[in-house]
Protein chains: 4
Amino acid sequence: MAKWTGAQDESVTRNAIIEATEQLLREEGSAALTSRKIGARAGVKPPLIHYYFESLDELYLTVFRRVSQDGFRRIEEALKSDRPVKAVWEIMSDPNGARFTMEFNALALHRASIGQEMATFSGMVRDRVTEGFERHFQERQIASPLAAVIVHMLMVAVAAFLTQEKAIGASKGHAVLEESVESWLATLDGV
Amino acid sequence: MAKWTGAQDESVTRNAIIEATEQLLREEGSAALTSRKIGARAGVKPPLIHYYFESLDELYLTVFRRVSQDGFRRIEEALKSDRPVKAVWEIMSDPNGARFTMEFNALALHRASIGQEMATFSGMVRDRVTEGFERHFQERQIASPLAAVIVHMLMVAVAAFLTQEKAIGASKGHAVLEESVESWLATLDGV
Amino acid sequence: MAKWTGAQDESVTRNAIIEATEQLLREEGSAALTSRKIGARAGVKPPLIHYYFESLDELYLTVFRRVSQDGFRRIEEALKSDRPVKAVWEIMSDPNGARFTMEFNALALHRASIGQEMATFSGMVRDRVTEGFERHFQERQIASPLAAVIVHMLMVAVAAFLTQEKAIGASKGHAVLEESVESWLATLDGV
Amino acid sequence: MAKWTGAQDESVTRNAIIEATEQLLREEGSAALTSRKIGARAGVKPPLIHYYFESLDELYLTVFRRVSQDGFRRIEEALKSDRPVKAVWEIMSDPNGARFTMEFNALALHRASIGQEMATFSGMVRDRVTEGFERHFQERQIASPLAAVIVHMLMVAVAAFLTQEKAIGASKGHAVLEESVESWLATLDGV
DNA sequence: AATGAATGAGATTTCATTCAT
DNA sequence: CATGAATGAAATCTCATTCAT
């Protein structure tokens, strides 16, 4: 969809709106995302949001892309590290990022455009991580009993699980699960 | 506030409302849950919902309890089966049930009462399954490299992950993950 | 309007409804009068109220009549006392009774039937008290600078004023006004 | 919650809403104050009321403040007049103003914020009038048997009493009371 | 670039009342 | 006598969005 105004991508205000959305998402969750609250946080009136973004959906997409691009960059870094498996796990299980994923997942449930974007992105990440892990296993001659792609998916699954449970106030067994996962991952780093 | 009506628990209409809610949750997700839509689906005017349920939260809790009680019963059954690990996994990964869990998770994110109920329930399930698996491992003298409680949490995590991804239209790698999980679980059933 | 059911005036339930209404009016004010709350307090379901009373208005009227008849009786007593002026003032300024008057006044503002009833009743009281005060002044040969009817109206006015102010949390100057009124009334009792 | 719109205090529409509220209050009483009716009277859709006022309470407070500020100004004027006691009484007993006070009193019974505002305001008026009367008594060397503050409270009480009775259609004895009060007040003006 | 104004659609909830049984 | 069921009407308030300026 083409931009219909002269709104600049680099505008300070536009950035403020994006950041406000990001903050609100992190602090209060996707249910708190209303144009009023975003506007209040960003110090602008709600209609201005529509000057910069055709719809809230578009704004959310923008936020998602920004956050996920950053995440992708961090993953690239992690894959270059000495213990890539652990490094990737740390990114995945970082509460901050996991919270985002969870909230975007919630948004995606009833916003097709976001779902699509997430699907595309998680595919990209999966491919990149899989490739990275595979290379890592080969280089270090590590015999993982599980395919790289599966290792990655398990990591994502566990991280999401822990985050969701924490969000509703449950944490029974988390410690032991985390420990278990981490010691398993250590073997994959050849440690 | 106590209920002030004579509304009966066994009322056909009350049931219709519960079922409509269940259906909508499954088919359109938690975002579609409004008293209007529920009423329309149940063939009932919205205010009647409040005749039977003090609030939508109470209705959702009722639905959750009904679904989860049913789930718990099925899990008890599964634990008695010949291949309890596989049987439990099948319940967990049943798209229908998993969809519910996912949608209730979304509701729980901004409805404290539901979050609490879910936390309580998932704790109950975890305890029960852990106990069942432990007994199973002992009886069959299966040496699981992972504690029963972890096995269970991993199953939940993977099932949730697959469901969430499917919900947003992603399914890359699912087949291989499922296969992998299932063959792993087979070993835990002593097969 | 004729009664349309066989409802008995002496029914225990009917009485419970009346008393519940009275209590609620006293404790929570006219704004809290809903058929739900009345029913809850009386231990009956809201529709039953309509079995005994054609409408809430009729119920309120019944309550008003009961309370006011009781008030009238107490006033008759007071007029027979040794210090009738003081005795009447005590009734008028009794917080309990004054609260009722105030709440019924509020109801009367938008319920014509209640307004009428109140007008009739306050006329009756005024006549009776006026007559009583006049006889008292004559018998005791007290020369009131103000006509008996005016004395009564002032008492009513002041009592209502104090009650209303208290209801909104104001009480500045009340003590001095009460004192002043009471010492004035003492002279009218020939004390 | 802070205002999130750019709604201007001087807006014509905002004013129309305030005036509609004022009119409805006068003509139909506090029970008629609903966003629908106010909207209809102001020629505006109900939600627009919430664009200008955070809540109905806030609107009522705005109306109260406007009316009462005007009343305060008139009282200040009255206190400067040649017969300040009479002048203040005329303001107090002006049916228009008294009707407002009565209706706001009714609102205050179940809207704490309005009760508070009224308490504050009536305290201000009482202080100002008391001070004015005291100065007046001194300047004119009038020996009032009653303290200025009591004179004022009696005026308020009587005015409220007459208004409330008129509102429910009673007026027996009003003429003689008014006459009596007025001749009493004349003495306090040194006439 | 920004905003004041406005709105249509909708949300949840409350209420008095009716009616068949 | 009593109640379960139901409803029409209404209440307050929220939201994303549009539009003229």
# chains A, B, ... in the order shown; residues from 1 in each chain; ligands from 1
>>> calpha_fit_and_write(fixed="chain D", moving="chain A", output="PDB file with C-alpha atoms, in the first residue's frame")
ATOM      1  CA  MET A   1      -7.608  14.791  36.221  1.00  0.00           C
ATOM      2  CA  ALA A   2      -5.866  16.018  33.115  1.00  0.00           C
ATOM      3  CA  LYS A   3      -7.660  16.692  29.896  1.00  0.00           C
ATOM      4  CA  TRP A   4      -6.887  13.866  27.487  1.00  0.00           C
ATOM      5  CA  THR A   5      -7.860  15.508  24.218  1.00  0.00           C
ATOM      6  CA  GLY A   6      -7.176  18.751  22.529  1.00  0.00           C
ATOM      7  CA  ALA A   7     -10.666  19.955  23.387  1.00  0.00           C
ATOM      8  CA  GLN A   8     -10.773  23.695  23.722  1.00  0.00           C
ATOM      9  CA  ASP A   9     -12.468  25.381  26.614  1.00  0.00           C
ATOM     10  CA  GLU A  10     -13.807  28.022  24.305  1.00  0.00           C
ATOM     11  CA  SER A  11     -15.330  25.703  21.740  1.00  0.00           C
ATOM     12  CA  VAL A  12     -18.793  26.659  20.593  1.00  0.00           C
ATOM     13  CA  THR A  13     -19.893  23.056  20.782  1.00  0.00           C
ATOM     14  CA  ARG A  14     -18.577  22.630  24.258  1.00  0.00           C
ATOM     15  CA  ASN A  15     -20.562  25.634  25.251  1.00  0.00           C
ATOM     16  CA  ALA A  16     -23.670  24.281  23.622  1.00  0.00           C
ATOM     17  CA  ILE A  17     -23.328  21.109  25.650  1.00  0.00           C
ATOM     18  CA  ILE A  18     -22.956  23.037  28.857  1.00  0.00           C
ATOM     19  CA  GLU A  19     -25.939  25.179  28.087  1.00  0.00           C
ATOM     20  CA  ALA A  20     -28.069  22.221  27.108  1.00  0.00           C
ATOM     21  CA  THR A  21     -27.245  20.590  30.415  1.00  0.00           C
ATOM     22  CA  GLU A  22     -28.110  23.743  32.279  1.00  0.00           C
ATOM     23  CA  GLN A  23     -31.432  24.045  30.510  1.00  0.00           C
ATOM     24  CA  LEU A  24     -32.371  20.440  31.020  1.00  0.00           C
ATOM     25  CA  LEU A  25     -31.480  20.631  34.652  1.00  0.00           C
ATOM     26  CA  ARG A  26     -33.707  23.624  35.110  1.00  0.00           C
ATOM     27  CA  GLU A  27     -36.589  22.378  33.021  1.00  0.00           C
ATOM     28  CA  GLU A  28     -36.687  18.690  33.728  1.00  0.00           C
ATOM     29  CA  GLY A  29     -34.525  18.093  36.731  1.00  0.00           C
ATOM     30  CA  SER A  30     -31.522  15.963  37.411  1.00  0.00           C
ATOM     31  CA  ALA A  31     -33.357  12.755  36.634  1.00  0.00           C
ATOM     32  CA  ALA A  32     -33.659  13.826  33.021  1.00  0.00           C
ATOM     33  CA  LEU A  33     -29.937  14.241  32.598  1.00  0.00           C
ATOM     34  CA  THR A  34     -28.831  11.555  30.211  1.00  0.00           C
ATOM     35  CA  SER A  35     -26.212  11.859  27.553  1.00  0.00           C
ATOM     36  CA  ARG A  36     -28.878  11.272  24.942  1.00  0.00           C
ATOM     37  CA  LYS A  37     -31.067  14.109  26.033  1.00  0.00           C
ATOM     38  CA  ILE A  38     -28.184  16.465  26.542  1.00  0.00           C
ATOM     39  CA  GLY A  39     -26.869  15.582  23.115  1.00  0.00           C
ATOM     40  CA  ALA A  40     -30.255  16.050  21.511  1.00  0.00           C
ATOM     41  CA  ARG A  41     -30.720  19.420  23.148  1.00  0.00           C
ATOM     42  CA  ALA A  42     -27.250  20.558  22.209  1.00  0.00           C
ATOM     43  CA  GLY A  43     -27.546  19.261  18.687  1.00  0.00           C
ATOM     44  CA  VAL A  44     -24.675  16.828  19.009  1.00  0.00           C
ATOM     45  CA  LYS A  45     -24.364  13.075  19.231  1.00  0.00           C
ATOM     46  CA  PRO A  46     -23.834  11.666  22.709  1.00  0.00           C
ATOM     47  CA  PRO A  47     -20.298  10.462  22.181  1.00  0.00           C
ATOM     48  CA  LEU A  48     -19.194  13.957  21.436  1.00  0.00           C
ATOM     49  CA  ILE A  49     -19.933  14.846  24.985  1.00  0.00           C
ATOM     50  CA  HIS A  50     -17.124  12.541  25.930  1.00  0.00           C
ATOM     51  CA  TYR A  51     -14.811  14.294  23.615  1.00  0.00           C
ATOM     52  CA  TYR A  52     -15.223  17.429  25.644  1.00  0.00           C
ATOM     53  CA  PHE A  53     -15.814  15.932  29.052  1.00  0.00           C
ATOM     54  CA  GLU A  54     -14.232  12.871  30.448  1.00  0.00           C
ATOM     55  CA  SER A  55     -17.486  11.822  32.009  1.00  0.00           C
ATOM     56  CA  LEU A  56     -20.907  13.180  32.720  1.00  0.00           C
ATOM     57  CA  ASP A  57     -19.728  13.913  36.213  1.00  0.00           C
ATOM     58  CA  GLU A  58     -17.121  16.209  34.845  1.00  0.00           C
ATOM     59  CA  LEU A  59     -19.710  17.923  32.711  1.00  0.00           C
ATOM     60  CA  TYR A  60     -21.954  18.427  35.691  1.00  0.00           C
ATOM     61  CA  LEU A  61     -19.092  19.856  37.646  1.00  0.00           C
ATOM     62  CA  THR A  62     -18.370  22.254  34.861  1.00  0.00           C
ATOM     63  CA  VAL A  63     -21.978  23.350  34.799  1.00  0.00           C
ATOM     64  CA  PHE A  64     -22.010  23.678  38.552  1.00  0.00           C
ATOM     65  CA  ARG A  65     -18.898  25.806  38.535  1.00  0.00           C
ATOM     66  CA  ARG A  66     -20.246  28.059  35.871  1.00  0.00           C
ATOM     67  CA  VAL A  67     -23.568  28.539  37.548  1.00  0.00           C
ATOM     68  CA  SER A  68     -22.068  28.970  40.957  1.00  0.00           C
ATOM     69  CA  GLN A  69     -19.417  31.408  39.827  1.00  0.00           C
ATOM     70  CA  ASP A  70     -22.155  33.481  38.383  1.00  0.00           C
ATOM     71  CA  GLY A  71     -24.072  33.164  41.612  1.00  0.00           C
ATOM     72  CA  PHE A  72     -21.055  34.214  43.585  1.00  0.00           C
ATOM     73  CA  ARG A  73     -20.657  37.292  41.472  1.00  0.00           C
ATOM     74  CA  ARG A  74     -24.275  38.195  42.044  1.00  0.00           C
ATOM     75  CA  ILE A  75     -23.822  37.772  45.744  1.00  0.00           C
ATOM     76  CA  GLU A  76     -20.817  40.045  45.756  1.00  0.00           C
ATOM     77  CA  GLU A  77     -22.961  42.616  44.028  1.00  0.00           C
ATOM     78  CA  ALA A  78     -25.774  42.109  46.498  1.00  0.00           C
ATOM     79  CA  LEU A  79     -23.477  42.656  49.428  1.00  0.00           C
ATOM     80  CA  LYS A  80     -22.580  46.056  48.050  1.00  0.00           C
ATOM     81  CA  SER A  81     -26.175  47.111  47.816  1.00  0.00           C
ATOM     82  CA  ASP A  82     -28.010  49.419  50.090  1.00  0.00           C
ATOM     83  CA  ARG A  83     -30.029  46.582  51.590  1.00  0.00           C
ATOM     84  CA  PRO A  84     -27.596  43.730  51.453  1.00  0.00           C
ATOM     85  CA  VAL A  85     -29.616  41.293  53.540  1.00  0.00           C
ATOM     86  CA  LYS A  86     -32.655  41.661  51.384  1.00  0.00           C
ATOM     87  CA  ALA A  87     -30.572  41.528  48.235  1.00  0.00           C
ATOM     88  CA  VAL A  88     -28.916  38.293  49.278  1.00  0.00           C
ATOM     89  CA  TRP A  89     -32.255  36.805  50.210  1.00  0.00           C
ATOM     90  CA  GLU A  90     -33.607  37.648  46.816  1.00  0.00           C
ATOM     91  CA  ILE A  91     -30.805  35.765  45.177  1.00  0.00           C
ATOM     92  CA  MET A  92     -31.213  32.801  47.491  1.00  0.00           C
ATOM     93  CA  SER A  93     -34.932  32.601  46.982  1.00  0.00           C
ATOM     94  CA  ASP A  94     -34.875  33.195  43.255  1.00  0.00           C
ATOM     95  CA  PRO A  95     -36.722  30.114  41.988  1.00  0.00           C
ATOM     96  CA  ASN A  96     -34.272  29.674  39.188  1.00  0.00           C
ATOM     97  CA  GLY A  97     -31.220  29.501  41.322  1.00  0.00           C
ATOM     98  CA  ALA A  98     -32.956  27.552  44.040  1.00  0.00           C
ATOM     99  CA  ARG A  99     -34.053  24.993  41.510  1.00  0.00           C
ATOM    100  CA  PHE A 100     -30.426  24.546  40.501  1.00  0.00           C
ATOM    101  CA  THR A 101     -29.288  24.101  44.030  1.00  0.00           C
ATOM    102  CA  MET A 102     -31.976  21.537  44.635  1.00  0.00           C
ATOM    103  CA  GLU A 103     -31.195  19.563  41.534  1.00  0.00           C
ATOM    104  CA  PHE A 104     -27.493  19.637  42.215  1.00  0.00           C
ATOM    105  CA  ASN A 105     -28.206  18.527  45.724  1.00  0.00           C
ATOM    106  CA  ALA A 106     -30.013  15.551  44.268  1.00  0.00           C
ATOM    107  CA  LEU A 107     -27.063  14.800  42.005  1.00  0.00           C
ATOM    108  CA  ALA A 108     -24.678  15.237  44.885  1.00  0.00           C
ATOM    109  CA  LEU A 109     -26.451  12.542  46.843  1.00  0.00           C
ATOM    110  CA  HIS A 110     -24.876   9.923  44.647  1.00  0.00           C
ATOM    111  CA  ARG A 111     -21.989  11.674  43.017  1.00  0.00           C
ATOM    112  CA  ALA A 112     -19.261  12.330  45.468  1.00  0.00           C
ATOM    113  CA  SER A 113     -17.344  14.727  43.264  1.00  0.00           C
ATOM    114  CA  ILE A 114     -20.328  17.001  42.994  1.00  0.00           C
ATOM    115  CA  GLY A 115     -20.991  16.828  46.689  1.00  0.00           C
ATOM    116  CA  GLN A 116     -17.446  17.937  47.389  1.00  0.00           C
ATOM    117  CA  GLU A 117     -17.663  20.805  44.995  1.00  0.00           C
ATOM    118  CA  MET A 118     -20.922  21.932  46.480  1.00  0.00           C
ATOM    119  CA  ALA A 119     -19.558  21.738  49.974  1.00  0.00           C
ATOM    120  CA  THR A 120     -16.569  23.822  49.002  1.00  0.00           C
ATOM    121  CA  PHE A 121     -18.695  26.349  47.219  1.00  0.00           C
ATOM    122  CA  SER A 122     -21.299  26.726  49.895  1.00  0.00           C
ATOM    123  CA  GLY A 123     -18.477  27.215  52.375  1.00  0.00           C
ATOM    124  CA  MET A 124     -17.081  30.013  50.247  1.00  0.00           C
ATOM    125  CA  VAL A 125     -20.443  31.665  49.964  1.00  0.00           C
ATOM    126  CA  ARG A 126     -21.054  31.339  53.633  1.00  0.00           C
ATOM    127  CA  ASP A 127     -17.767  32.944  54.522  1.00  0.00           C
ATOM    128  CA  ARG A 128     -18.258  35.766  52.076  1.00  0.00           C
ATOM    129  CA  VAL A 129     -21.826  36.470  53.096  1.00  0.00           C
ATOM    130  CA  THR A 130     -21.019  36.214  56.755  1.00  0.00           C
ATOM    131  CA  GLU A 131     -18.235  38.662  56.354  1.00  0.00           C
ATOM    132  CA  GLY A 132     -20.410  40.987  54.320  1.00  0.00           C
ATOM    133  CA  PHE A 133     -23.249  40.879  56.786  1.00  0.00           C
ATOM    134  CA  GLU A 134     -20.942  41.440  59.686  1.00  0.00           C
ATOM    135  CA  ARG A 135     -19.439  44.466  58.087  1.00  0.00           C
ATOM    136  CA  HIS A 136     -22.927  45.694  57.221  1.00  0.00           C
ATOM    137  CA  PHE A 137     -24.170  45.292  60.777  1.00  0.00           C
ATOM    138  CA  GLN A 138     -21.167  47.152  62.068  1.00  0.00           C
ATOM    139  CA  GLU A 139     -21.312  49.971  59.597  1.00  0.00           C
ATOM    140  CA  ARG A 140     -24.988  50.502  60.119  1.00  0.00           C
ATOM    141  CA  GLN A 141     -24.781  49.739  63.789  1.00  0.00           C
ATOM    142  CA  ILE A 142     -27.474  47.145  63.551  1.00  0.00           C
ATOM    143  CA  ALA A 143     -27.803  44.858  66.503  1.00  0.00           C
ATOM    144  CA  SER A 144     -28.848  41.556  65.066  1.00  0.00           C
ATOM    145  CA  PRO A 145     -29.926  39.124  67.713  1.00  0.00           C
ATOM    146  CA  LEU A 146     -28.470  36.417  65.483  1.00  0.00           C
ATOM    147  CA  ALA A 147     -24.924  36.045  64.277  1.00  0.00           C
ATOM    148  CA  ALA A 148     -24.410  36.873  60.629  1.00  0.00           C
ATOM    149  CA  VAL A 149     -23.483  33.290  59.796  1.00  0.00           C
ATOM    150  CA  ILE A 150     -26.721  32.076  61.280  1.00  0.00           C
ATOM    151  CA  VAL A 151     -28.735  34.623  59.412  1.00  0.00           C
ATOM    152  CA  HIS A 152     -27.224  33.334  56.235  1.00  0.00           C
ATOM    153  CA  MET A 153     -27.799  29.690  57.026  1.00  0.00           C
ATOM    154  CA  LEU A 154     -31.403  30.347  57.900  1.00  0.00           C
ATOM    155  CA  MET A 155     -31.892  32.074  54.611  1.00  0.00           C
ATOM    156  CA  VAL A 156     -30.455  29.161  52.723  1.00  0.00           C
ATOM    157  CA  ALA A 157     -32.487  26.700  54.720  1.00  0.00           C
ATOM    158  CA  VAL A 158     -35.749  28.497  54.179  1.00  0.00           C
ATOM    159  CA  ALA A 159     -35.136  29.033  50.492  1.00  0.00           C
ATOM    160  CA  ALA A 160     -34.326  25.352  49.990  1.00  0.00           C
ATOM    161  CA  PHE A 161     -37.346  24.326  51.993  1.00  0.00           C
ATOM    162  CA  LEU A 162     -39.710  26.421  49.936  1.00  0.00           C
ATOM    163  CA  THR A 163     -38.245  25.234  46.677  1.00  0.00           C
ATOM    164  CA  GLN A 164     -38.407  21.597  47.601  1.00  0.00           C
ATOM    165  CA  GLU A 165     -41.986  21.884  48.709  1.00  0.00           C
ATOM    166  CA  LYS A 166     -42.973  23.688  45.567  1.00  0.00           C
ATOM    167  CA  ALA A 167     -41.311  20.971  43.545  1.00  0.00           C
ATOM    168  CA  ILE A 168     -43.606  18.357  44.970  1.00  0.00           C
ATOM    169  CA  GLY A 169     -46.635  20.524  44.636  1.00  0.00           C
ATOM    170  CA  ALA A 170     -47.045  21.743  48.194  1.00  0.00           C
ATOM    171  CA  SER A 171     -47.307  25.404  49.043  1.00  0.00           C
ATOM    172  CA  LYS A 172     -49.444  25.597  52.135  1.00  0.00           C
ATOM    173  CA  GLY A 173     -48.172  28.295  54.463  1.00  0.00           C
ATOM    174  CA  HIS A 174     -45.543  29.521  52.052  1.00  0.00           C
ATOM    175  CA  ALA A 175     -46.965  32.988  51.778  1.00  0.00           C
ATOM    176  CA  VAL A 176     -47.007  33.606  55.479  1.00  0.00           C
ATOM    177  CA  LEU A 177     -43.535  32.189  55.906  1.00  0.00           C
ATOM    178  CA  GLU A 178     -42.125  34.345  53.140  1.00  0.00           C
ATOM    179  CA  GLU A 179     -43.746  37.414  54.549  1.00  0.00           C
ATOM    180  CA  SER A 180     -42.464  36.678  57.981  1.00  0.00           C
ATOM    181  CA  VAL A 181     -38.950  36.083  56.771  1.00  0.00           C
ATOM    182  CA  GLU A 182     -38.959  39.232  54.725  1.00  0.00           C
ATOM    183  CA  SER A 183     -40.118  41.456  57.499  1.00  0.00           C
ATOM    184  CA  TRP A 184     -37.511  39.949  59.761  1.00  0.00           C
ATOM    185  CA  LEU A 185     -34.821  40.557  57.149  1.00  0.00           C
ATOM    186  CA  ALA A 186     -35.965  44.139  56.784  1.00  0.00           C
ATOM    187  CA  THR A 187     -34.974  44.762  60.369  1.00  0.00           C
ATOM    188  CA  LEU A 188     -31.525  43.459  59.573  1.00  0.00           C
ATOM    189  CA  ASP A 189     -31.162  45.956  56.827  1.00  0.00           C
ATOM    190  CA  GLY A 190     -31.945  48.665  59.283  1.00  0.00           C
ATOM    191  CA  VAL A 191     -35.184  49.499  57.503  1.00  0.00           C
TER     192      VAL A 191
END
>>> atom_distance(atom1="C1' of DA16 in chain F", atom2="C1' of DG10 in chain E")
11.3 Å
>>> interface_residues(of="chain E", to="chain C", cutoff="12 Å", atoms="only C-alpha atoms (C1' of nucleotides)", output="list in words")
DT14, DC15, DA16, DT17, DT18 and DC19 of chain E
>>> interface_residues(of="chain F", to="chain C", cutoff="9 Å", atoms="only C-alpha atoms (C1' of nucleotides)", output="count of residues only")
3
>>> select_by_dssp(residues="range 63-176 of chain B", states="alpha helix (DSSP H)", output="ChimeraX atom specification")
/B:63-80,84-92,95-109,112-140,148-167,174-176
>>> write_last_selection(atoms="C-alpha atoms", output="compact mmCIF listing (two decimals), in the first residue's frame")
# COMPACT_ATOMS: atom_id res chain seq x y z
CA VAL B 63 -16.17 -22.15 29.61
CA PHE B 64 -12.59 -22.60 30.68
CA ARG B 65 -13.55 -24.81 33.57
CA ARG B 66 -15.76 -26.92 31.41
CA VAL B 67 -13.15 -27.40 28.72
CA SER B 68 -10.35 -27.96 31.17
CA GLN B 69 -12.26 -30.43 33.30
CA ASP B 70 -12.91 -32.38 30.20
CA GLY B 71 -9.24 -32.15 29.29
CA PHE B 72 -8.21 -33.32 32.72
CA ARG B 73 -10.43 -36.34 32.43
CA ARG B 74 -8.91 -37.22 29.12
CA ILE B 75 -5.47 -36.90 30.57
CA GLU B 76 -6.36 -39.24 33.42
CA GLU B 77 -7.50 -41.71 30.83
CA ALA B 78 -4.34 -41.27 28.84
CA LEU B 79 -2.16 -41.94 31.82
CA LYS B 80 -3.81 -45.29 32.21
CA PRO B 84 0.90 -43.02 28.38
CA VAL B 85 3.51 -40.63 27.06
CA LYS B 86 2.24 -40.87 23.55
CA ALA B 87 -1.35 -40.66 24.73
CA VAL B 88 -0.70 -37.49 26.67
CA TRP B 89 1.14 -35.97 23.75
CA GLU B 90 -1.77 -36.68 21.51
CA ILE B 91 -4.06 -34.80 23.79
CA MET B 92 -1.65 -31.91 24.13
CA PRO B 95 -5.31 -28.90 17.44
CA ASN B 96 -8.67 -28.37 19.02
CA GLY B 97 -7.50 -28.34 22.58
CA ALA B 98 -4.31 -26.50 21.76
CA ARG B 99 -6.30 -23.80 20.06
CA PHE B 100 -8.30 -23.34 23.21
CA THR B 101 -5.25 -23.07 25.34
CA MET B 102 -3.79 -20.51 23.01
CA GLU B 103 -6.92 -18.40 22.94
CA PHE B 104 -7.34 -18.57 26.67
CA ASN B 105 -3.74 -17.57 27.01
CA ALA B 106 -4.55 -14.51 24.97
CA LEU B 107 -7.54 -13.75 27.16
CA ALA B 108 -5.47 -14.29 30.26
CA LEU B 109 -3.04 -11.62 29.18
CA ALA B 112 -6.46 -11.52 35.67
CA SER B 113 -9.15 -13.92 36.81
CA ILE B 114 -8.58 -16.12 33.80
CA GLY B 115 -4.83 -16.01 34.23
CA GLN B 116 -5.19 -17.23 37.77
CA GLU B 117 -7.49 -20.03 36.79
CA MET B 118 -5.15 -21.13 34.05
CA ALA B 119 -2.15 -21.07 36.32
CA THR B 120 -3.96 -23.19 38.85
CA PHE B 121 -5.15 -25.60 36.25
CA SER B 122 -1.86 -26.01 34.46
CA GLY B 123 -0.24 -26.66 37.83
CA MET B 124 -2.74 -29.41 38.51
CA VAL B 125 -2.14 -30.99 35.16
CA ARG B 126 1.58 -30.76 35.54
CA ASP B 127 1.50 -32.47 38.91
CA ARG B 128 -0.81 -35.17 37.70
CA VAL B 129 1.12 -35.91 34.53
CA THR B 130 4.46 -35.79 36.31
CA GLU B 131 3.24 -38.28 38.83
CA GLY B 132 1.79 -40.49 36.10
CA PHE B 133 4.95 -40.43 34.05
CA GLU B 134 7.11 -41.14 37.06
CA ARG B 135 5.08 -44.16 37.98
CA HIS B 136 5.14 -45.28 34.36
CA PHE B 137 8.93 -44.97 34.12
CA GLN B 138 9.30 -46.95 37.30
CA GLU B 139 6.88 -49.69 36.44
CA ARG B 140 8.32 -50.17 33.02
CA ALA B 148 9.11 -36.52 34.08
CA VAL B 149 8.18 -32.94 34.84
CA ILE B 150 10.50 -31.71 32.13
CA VAL B 151 9.15 -34.16 29.64
CA HIS B 152 5.73 -32.78 30.31
CA MET B 153 6.74 -29.16 30.04
CA LEU B 154 8.53 -29.80 26.79
CA MET B 155 5.43 -31.44 25.41
CA VAL B 156 3.32 -28.47 26.39
CA ALA B 157 5.86 -26.04 24.99
CA VAL B 158 6.13 -27.79 21.66
CA ALA B 159 2.39 -28.20 21.30
CA ALA B 160 1.83 -24.52 22.02
CA PHE B 161 4.55 -23.54 19.62
CA LEU B 162 3.13 -25.58 16.78
CA THR B 163 -0.36 -24.28 17.39
CA GLN B 164 0.69 -20.67 17.54
CA GLU B 165 2.65 -20.98 14.34
CA LYS B 166 -0.20 -22.68 12.57
CA ALA B 167 -2.51 -19.92 13.73
CA HIS B 174 6.53 -28.68 11.62
CA ALA B 175 6.54 -32.11 10.08
CA VAL B 176 10.10 -32.83 10.98
>>> atom_distance(atom1="C1' of DG4 in chain E", atom2="C1' of DC15 in chain F")
17.6 Å
